[in-house]
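Colleague: File coords-v6.cif follows (mmCIF, C-alpha atoms):
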```cif
data_structure
loop_
_atom_site.label_atom_id
_atom_site.label_comp_id
_atom_site.auth_asym_id
_atom_site.auth_seq_id
_atom_site.Cartn_x
_atom_site.Cartn_y
_atom_site.Cartn_z
CA MET A 1 106.39 92.54 96.53
CA ASP A 2 109.60 91.17 95.04
CA VAL A 3 111.86 92.84 92.50
CA SER A 4 110.47 91.18 89.36
CA THR A 5 106.92 92.24 90.21
CA ALA A 6 108.09 95.82 90.73
CA VAL A 7 109.95 95.78 87.41
CA PHE A 8 106.85 94.35 85.70
CA TYR A 9 104.70 97.18 87.07
CA LEU A 10 107.29 99.74 85.96
CA ILE A 11 107.41 98.32 82.42
CA ALA A 12 103.61 98.13 82.21
CA LEU A 13 103.39 101.75 83.40
CA ILE A 14 105.96 102.94 80.82
CA THR A 15 104.16 101.06 78.03
CA VAL A 16 100.66 102.27 78.83
CA GLY A 17 101.77 105.80 79.78
CA SER A 18 103.68 106.46 76.60
CA ALA A 19 100.91 104.87 74.52
CA ALA A 20 98.55 107.37 76.16
CA MET A 21 100.99 110.16 75.18
CA VAL A 22 100.87 108.88 71.57
CA ALA A 23 97.08 108.98 71.61
CA PHE A 24 96.51 112.27 73.46
CA SER A 25 99.53 114.52 72.82
CA ARG A 26 98.80 117.72 70.94
CA ASN A 27 102.22 117.90 69.27
CA ILE A 28 103.12 115.25 66.71
CA ILE A 29 106.83 115.30 67.61
CA TYR A 30 105.95 114.31 71.21
CA SER A 31 103.67 111.56 69.86
CA ALA A 32 106.45 110.17 67.67
CA PHE A 33 109.00 110.17 70.47
CA SER A 34 106.53 108.60 72.94
CA LEU A 35 106.23 105.71 70.53
CA LEU A 36 109.83 104.84 71.54
CA GLY A 37 108.71 104.20 75.13
CA THR A 38 105.83 102.03 73.98
CA PHE A 39 108.02 99.89 71.71
CA MET A 40 110.72 99.44 74.37
CA GLY A 41 108.08 98.62 76.99
CA VAL A 42 106.52 95.98 74.73
CA ALA A 43 110.01 94.48 74.25
CA GLY A 44 110.33 94.28 78.04
CA ILE A 45 106.96 92.52 78.23
CA TYR A 46 108.19 89.98 75.67
CA ILE A 47 111.21 89.28 77.91
CA PHE A 48 108.82 88.69 80.84
CA LEU A 49 107.00 86.20 78.62
CA GLY A 50 110.22 84.27 77.89
CA ALA A 51 110.34 85.37 74.24
CA ASP A 52 113.92 86.60 73.93
CA PHE A 53 114.13 86.41 70.13
CA VAL A 54 110.87 88.29 69.59
CA ALA A 55 112.07 90.99 72.00
CA ALA A 56 115.30 91.42 70.01
CA VAL A 57 113.34 91.55 66.74
CA GLN A 58 110.99 94.13 68.28
CA VAL A 59 113.88 96.41 69.23
CA LEU A 60 115.64 95.97 65.87
CA ILE A 61 112.65 96.44 63.56
CA TYR A 62 110.29 98.70 65.49
CA VAL A 63 112.78 100.99 67.22
CA GLY A 64 115.51 100.77 64.59
CA GLY A 65 113.32 100.78 61.51
CA ILE A 66 109.72 101.85 61.82
CA LEU A 67 110.27 104.59 64.41
CA VAL A 68 113.09 106.17 62.36
CA LEU A 69 110.83 105.99 59.28
CA ILE A 70 107.98 107.71 61.16
CA LEU A 71 110.33 110.42 62.48
CA PHE A 72 111.60 111.03 58.93
CA ALA A 73 108.03 111.33 57.67
CA VAL A 74 107.20 113.80 60.45
CA MET A 75 110.28 115.92 59.70
CA LEU A 76 109.65 115.85 55.92
CA THR A 77 106.00 116.91 56.14
CA HIS A 78 106.14 119.64 58.82
CA ARG A 79 108.04 122.80 59.26
CA ILE A 80 109.90 122.08 62.51
CA THR A 81 109.78 125.72 63.61
CA ASP A 82 105.98 125.60 63.86
CA VAL A 83 105.00 125.34 67.51
CA GLN A 84 101.24 125.47 67.26
CA ILE A 85 99.04 122.38 67.50
CA THR A 86 100.31 120.01 64.83
CA ASN A 87 98.17 117.04 65.81
CA ARG A 88 94.51 117.98 65.55
CA SER A 89 91.83 115.63 66.89
CA ALA A 90 88.15 115.53 65.93
CA GLY A 91 85.14 113.76 67.40
CA THR A 92 86.91 113.10 70.70
CA ILE A 93 83.87 112.52 72.93
CA PRO A 94 82.05 109.84 70.84
CA ALA A 95 85.37 108.10 70.19
CA LEU A 96 86.14 108.10 73.94
CA ILE A 97 82.77 106.49 74.68
CA VAL A 98 83.18 103.78 72.01
CA VAL A 99 86.77 103.03 72.98
CA GLY A 100 85.94 103.02 76.70
CA VAL A 101 83.12 100.51 76.26
CA LEU A 102 85.35 98.34 74.05
CA ALA A 103 88.22 98.42 76.57
CA TYR A 104 85.83 97.54 79.41
CA LEU A 105 84.49 94.54 77.44
CA LEU A 106 88.00 93.33 76.55
CA ILE A 107 89.33 93.64 80.12
CA ASP A 108 86.22 91.96 81.53
CA THR A 109 86.66 89.07 79.08
CA ALA A 110 90.34 88.75 80.00
CA LEU A 111 89.50 88.58 83.71
CA GLU A 112 86.40 86.37 83.63
CA THR A 113 87.28 83.69 81.05
CA PRO A 114 88.80 80.47 82.48
CA TRP A 115 91.76 80.29 80.06
CA VAL A 116 93.34 76.91 79.26
CA LYS A 117 96.68 76.69 81.05
CA ALA A 118 99.82 74.88 79.89
CA LYS A 119 100.95 71.99 82.10
CA GLN A 120 104.19 73.67 83.03
CA ILE A 121 105.67 76.98 81.96
CA VAL A 122 109.21 76.71 80.62
CA TYR A 123 111.85 79.42 80.21
CA GLU A 124 114.47 78.56 77.60
CA ALA A 125 116.25 80.12 74.63
CA THR A 126 113.80 80.25 71.72
CA ALA A 127 116.01 81.27 68.77
CA ALA A 128 116.89 77.69 67.71
CA LYS A 129 113.26 76.53 67.96
CA ILE A 130 112.06 79.52 65.93
CA GLY A 131 114.69 78.84 63.26
CA ASP A 132 113.55 75.20 63.00
CA LEU A 133 109.90 76.23 62.73
CA PHE A 134 110.66 78.81 60.03
CA LEU A 135 112.62 76.33 57.89
CA TYR A 136 110.30 73.31 58.28
CA THR A 137 106.71 74.00 59.35
CA TYR A 138 106.36 77.62 58.22
CA LEU A 139 108.65 77.52 55.16
CA LEU A 140 106.01 78.65 52.63
CA PRO A 141 104.73 81.65 54.69
CA PHE A 142 108.37 82.59 55.34
CA GLU A 143 109.17 82.72 51.61
CA LEU A 144 105.91 84.56 50.90
CA ALA A 145 106.84 87.14 53.55
CA SER A 146 110.13 87.82 51.75
CA LEU A 147 108.15 88.33 48.52
CA VAL A 148 105.76 90.73 50.32
CA LEU A 149 108.72 92.71 51.70
CA LEU A 150 110.26 92.98 48.20
CA ALA A 151 106.94 94.16 46.75
CA ALA A 152 106.54 96.70 49.57
CA MET A 153 110.07 98.01 48.97
CA ILE A 154 109.50 98.46 45.22
CA GLY A 155 106.06 99.98 45.90
CA ALA A 156 107.49 102.49 48.37
CA VAL A 157 110.18 103.56 45.89
CA VAL A 158 107.66 103.94 43.06
CA LEU A 159 105.18 105.87 45.23
CA SER A 160 107.58 108.36 46.76
CA ARG A 161 109.73 109.31 43.77
CA LYS A 162 109.07 112.55 41.97
CA GLU A 163 107.49 112.45 38.51
CA ILE A 164 109.80 113.94 35.90
CA LYS A 165 107.82 116.32 33.70
CA GLU A 166 108.85 116.09 30.03
CA MET B 1 97.88 91.83 88.25
CA ALA B 2 101.10 89.87 88.56
CA PRO B 3 103.87 88.90 86.11
CA ASN B 4 102.91 85.21 86.28
CA GLU B 5 99.25 85.63 85.32
CA LEU B 6 97.90 85.55 81.77
CA SER B 7 95.20 88.13 82.43
CA SER B 8 97.62 90.95 83.33
CA TYR B 9 99.23 90.71 79.88
CA LEU B 10 95.81 90.58 78.22
CA ILE B 11 94.80 93.75 80.11
CA ILE B 12 97.92 95.59 78.89
CA GLY B 13 97.11 94.43 75.35
CA ALA B 14 93.50 95.60 75.68
CA ILE B 15 94.57 99.06 76.91
CA LEU B 16 97.10 99.42 74.07
CA PHE B 17 94.41 98.36 71.56
CA ALA B 18 91.94 100.91 72.94
CA LEU B 19 94.51 103.73 72.79
CA GLY B 20 95.50 102.78 69.22
CA LEU B 21 91.87 102.65 68.11
CA PHE B 22 91.29 106.07 69.72
CA SER B 23 94.26 107.42 67.77
CA VAL B 24 92.96 105.98 64.48
CA LEU B 25 89.43 107.29 65.07
CA THR B 26 90.16 110.84 66.18
CA ARG B 27 93.43 111.95 64.59
CA ARG B 28 93.28 114.05 61.45
CA ASN B 29 97.00 113.78 60.76
CA ALA B 30 97.82 110.80 58.51
CA ILE B 31 101.08 109.97 60.33
CA SER B 32 99.23 109.87 63.67
CA VAL B 33 96.72 107.43 62.18
CA LEU B 34 99.65 105.20 61.17
CA MET B 35 101.04 105.44 64.72
CA GLY B 36 97.66 104.22 66.01
CA VAL B 37 97.84 101.26 63.64
CA GLU B 38 101.28 100.41 65.03
CA LEU B 39 99.86 100.46 68.59
CA ILE B 40 97.07 98.08 67.54
CA LEU B 41 99.56 95.68 65.92
CA ASN B 42 101.72 95.74 69.08
CA SER B 43 98.72 94.89 71.26
CA ALA B 44 97.86 91.93 69.03
CA ASN B 45 101.48 90.78 69.28
CA ILE B 46 101.38 90.90 73.09
CA ASN B 47 98.32 88.65 73.01
CA TYR B 48 100.00 86.18 70.61
CA VAL B 49 103.14 85.87 72.73
CA ALA B 50 101.18 85.72 76.02
CA PHE B 51 98.93 82.91 74.81
CA SER B 52 101.99 81.10 73.38
CA HIS B 53 103.72 81.35 76.77
CA PHE B 54 100.83 80.53 79.11
CA GLY B 55 98.42 78.55 76.96
CA SER B 56 100.07 76.25 74.44
CA GLY B 57 103.62 76.06 75.77
CA ASN B 58 105.13 75.89 72.27
CA THR B 59 106.66 78.68 70.19
CA ASP B 60 104.09 78.87 67.37
CA GLY B 61 102.58 82.08 68.77
CA GLN B 62 105.99 83.76 68.62
CA ILE B 63 106.25 82.83 64.91
CA TYR B 64 102.97 84.65 64.25
CA ALA B 65 104.25 87.63 66.23
CA ILE B 66 107.34 87.78 64.01
CA PHE B 67 105.15 87.61 60.88
CA VAL B 68 103.07 90.49 62.23
CA ILE B 69 106.24 92.55 62.85
CA MET B 70 107.39 91.78 59.29
CA LEU B 71 104.09 92.92 57.78
CA ALA B 72 104.09 96.01 60.03
CA ALA B 73 107.44 96.99 58.52
CA ALA B 74 106.03 96.59 55.00
CA GLU B 75 102.91 98.54 55.98
CA ALA B 76 104.94 101.38 57.48
CA ALA B 77 107.13 101.68 54.37
CA VAL B 78 104.21 101.76 51.92
CA GLY B 79 101.98 103.87 54.21
CA LEU B 80 104.58 106.55 54.79
CA ALA B 81 105.40 106.62 51.04
CA ILE B 82 101.69 107.25 50.38
CA VAL B 83 101.70 110.00 53.04
CA LEU B 84 104.67 111.69 51.31
CA ALA B 85 102.90 111.42 47.92
CA ILE B 86 99.77 113.00 49.45
CA PHE B 87 101.93 115.80 50.89
CA GLN B 88 103.43 116.51 47.46
CA LEU B 89 99.95 116.65 45.87
CA PHE B 90 97.89 118.53 48.47
CA HIS B 91 100.65 120.28 50.54
CA THR B 92 99.01 118.94 53.73
CA ILE B 93 98.64 115.51 55.32
CA ASP B 94 95.23 116.18 56.86
CA VAL B 95 93.24 113.06 55.99
CA GLU B 96 90.14 115.19 55.41
CA ALA B 97 91.92 117.16 52.67
CA ALA B 98 92.54 114.08 50.53
CA GLU B 99 88.95 113.54 49.37
CA THR B 100 89.33 113.67 45.59
CA LEU B 101 87.93 110.13 45.24
CA LYS B 102 84.63 111.28 46.80
CA ASP B 103 83.53 113.25 43.72
#
```
Transcribe the structure of this file into structure tokens.
Modeller:
Amino acid sequence: MDVSTAVFYLIALITVGSAAMVAFSRNIIYSAFSLLGTFMGVAGIYIFLGADFVAAVQVLIYVGGILVLILFAVMLTHRITDVQITNRSAGTIPALIVVGVLAYLLIDTALETPWVKAKQIVYEATAAKIGDLFLYTYLLPFELASLVLLAAMIGAVVLSRKEIKE
Amino acid sequence: MAPNELSSYLIIGAILFALGLFSVLTRRNAISVLMGVELILNSANINYVAFSHFGSGNTDGQIYAIFVIMLAAAEAAVGLAIVLAIFQLFHTIDVEAAETLKD
């Protein structure tokens, strides 16, 4: 087993292990911090797949943005000094059965299907290609995405501000 | 399972999807439900990038992954704002407490 295979197993283990912590932890602070391991592990998987730009975007937006937002929401809605179970679950057994069957079906499909393979697999810097695609082929979705982000920003401000009683 | 096989990445994506779906189904805390949604979006992104790398050989799959990340950011901002509004109204973020629309 060479080094890259070992690193791949390590990254896969970190990703799946901390995702399991997110799903099963009884304390919401532990869940939120485990999300960091999942996001960093997924960024490592992107690097294994030769997607350097997507990995950088993953670290910047998920770890730098969404995770901080989630941690703020956790801190704003809980009293930190509480140490009892802050992350209640309900209906665990039926959910485990449904999710287990679904995961089995998905993994079986992934293993059994003869997927179409590319002729050769190339590793090269993708940032220039992605920039070209955004400004030529995917220009309209790109502009629409900026509109969606603006609407989401305004919506978040309107939703979370306090009403001033006259 | 090896780093140069498509199926190993699809298996990681499937496990992440299952864990995220479990989180969405069982959690009663609204923020935990949002965390489950983030796990599901990440698993879909892994599939996009894996198929773009092994299947097509072009970068179109990565473009879709970036769009998904963009929409996840918008979803997190609006979702957490709604959670804070629910907390101001009901003084809890248990999703079973916010059932005013049922009546």
Colleague: Enter the distance from CA of Ala14 in chain B to CA of Ala12 in chain A, in Å, rounded to one decimal.
Modeller: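 CA of Ala12 in chain A lies 12.3 Å from CA of Ala14 in chain B.
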Colleague: Output as a ChimeraX atom specification the set of chain B residues within 8 Å of chain A, with distances taken over all atoms listed in the file.
Modeller: /B:2-3,7,10-12,14-23,25-29,31-32,35-36,39,42,46,49-50,53-57,59-60,62-63,65-67,69-71,73-78,80-85,87,92-93
Colleague: Hey, can you spit out that residue selection with C-alpha atoms as a compact mmCIF listing (two decimals), in the frame of the given file?
Modeller:
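Dumped to part.txt:
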```txt
# COMPACT_ATOMS: atom_id res chain seq x y z
CA ALA B 2 101.10 89.87 88.56
CA PRO B 3 103.87 88.90 86.11
CA SER B 7 95.20 88.13 82.43
CA LEU B 10 95.81 90.58 78.22
CA ILE B 11 94.80 93.75 80.11
CA ILE B 12 97.92 95.59 78.89
CA ALA B 14 93.50 95.60 75.68
CA ILE B 15 94.57 99.06 76.91
CA LEU B 16 97.10 99.42 74.07
CA PHE B 17 94.41 98.36 71.56
CA ALA B 18 91.94 100.91 72.94
CA LEU B 19 94.51 103.73 72.79
CA GLY B 20 95.50 102.78 69.22
CA LEU B 21 91.87 102.65 68.11
CA PHE B 22 91.29 106.07 69.72
CA SER B 23 94.26 107.42 67.77
CA LEU B 25 89.43 107.29 65.07
CA THR B 26 90.16 110.84 66.18
CA ARG B 27 93.43 111.95 64.59
CA ARG B 28 93.28 114.05 61.45
CA ASN B 29 97.00 113.78 60.76
CA ILE B 31 101.08 109.97 60.33
CA SER B 32 99.23 109.87 63.67
CA MET B 35 101.04 105.44 64.72
CA GLY B 36 97.66 104.22 66.01
CA LEU B 39 99.86 100.46 68.59
CA ASN B 42 101.72 95.74 69.08
CA ILE B 46 101.38 90.90 73.09
CA VAL B 49 103.14 85.87 72.73
CA ALA B 50 101.18 85.72 76.02
CA HIS B 53 103.72 81.35 76.77
CA PHE B 54 100.83 80.53 79.11
CA GLY B 55 98.42 78.55 76.96
CA SER B 56 100.07 76.25 74.44
CA GLY B 57 103.62 76.06 75.77
CA THR B 59 106.66 78.68 70.19
CA ASP B 60 104.09 78.87 67.37
CA GLN B 62 105.99 83.76 68.62
CA ILE B 63 106.25 82.83 64.91
CA ALA B 65 104.25 87.63 66.23
CA ILE B 66 107.34 87.78 64.01
CA PHE B 67 105.15 87.61 60.88
CA ILE B 69 106.24 92.55 62.85
CA MET B 70 107.39 91.78 59.29
CA LEU B 71 104.09 92.92 57.78
CA ALA B 73 107.44 96.99 58.52
CA ALA B 74 106.03 96.59 55.00
CA GLU B 75 102.91 98.54 55.98
CA ALA B 76 104.94 101.38 57.48
CA ALA B 77 107.13 101.68 54.37
CA VAL B 78 104.21 101.76 51.92
CA LEU B 80 104.58 106.55 54.79
CA ALA B 81 105.40 106.62 51.04
CA ILE B 82 101.69 107.25 50.38
CA VAL B 83 101.70 110.00 53.04
CA LEU B 84 104.67 111.69 51.31
CA ALA B 85 102.90 111.42 47.92
CA PHE B 87 101.93 115.80 50.89
CA THR B 92 99.01 118.94 53.73
CA ILE B 93 98.64 115.51 55.32
```
Colleague: So what do you get for CA of Val63 in chain A versus CA of Gly44 in chain A, distance-wise?
Modeller: 13.0 Å
Colleague: Would you mind reading off the distance between CA of Ile47 in chain A and CA of Gly79 in chain B, one decimal, in Å?
Modeller: 29.3 Å
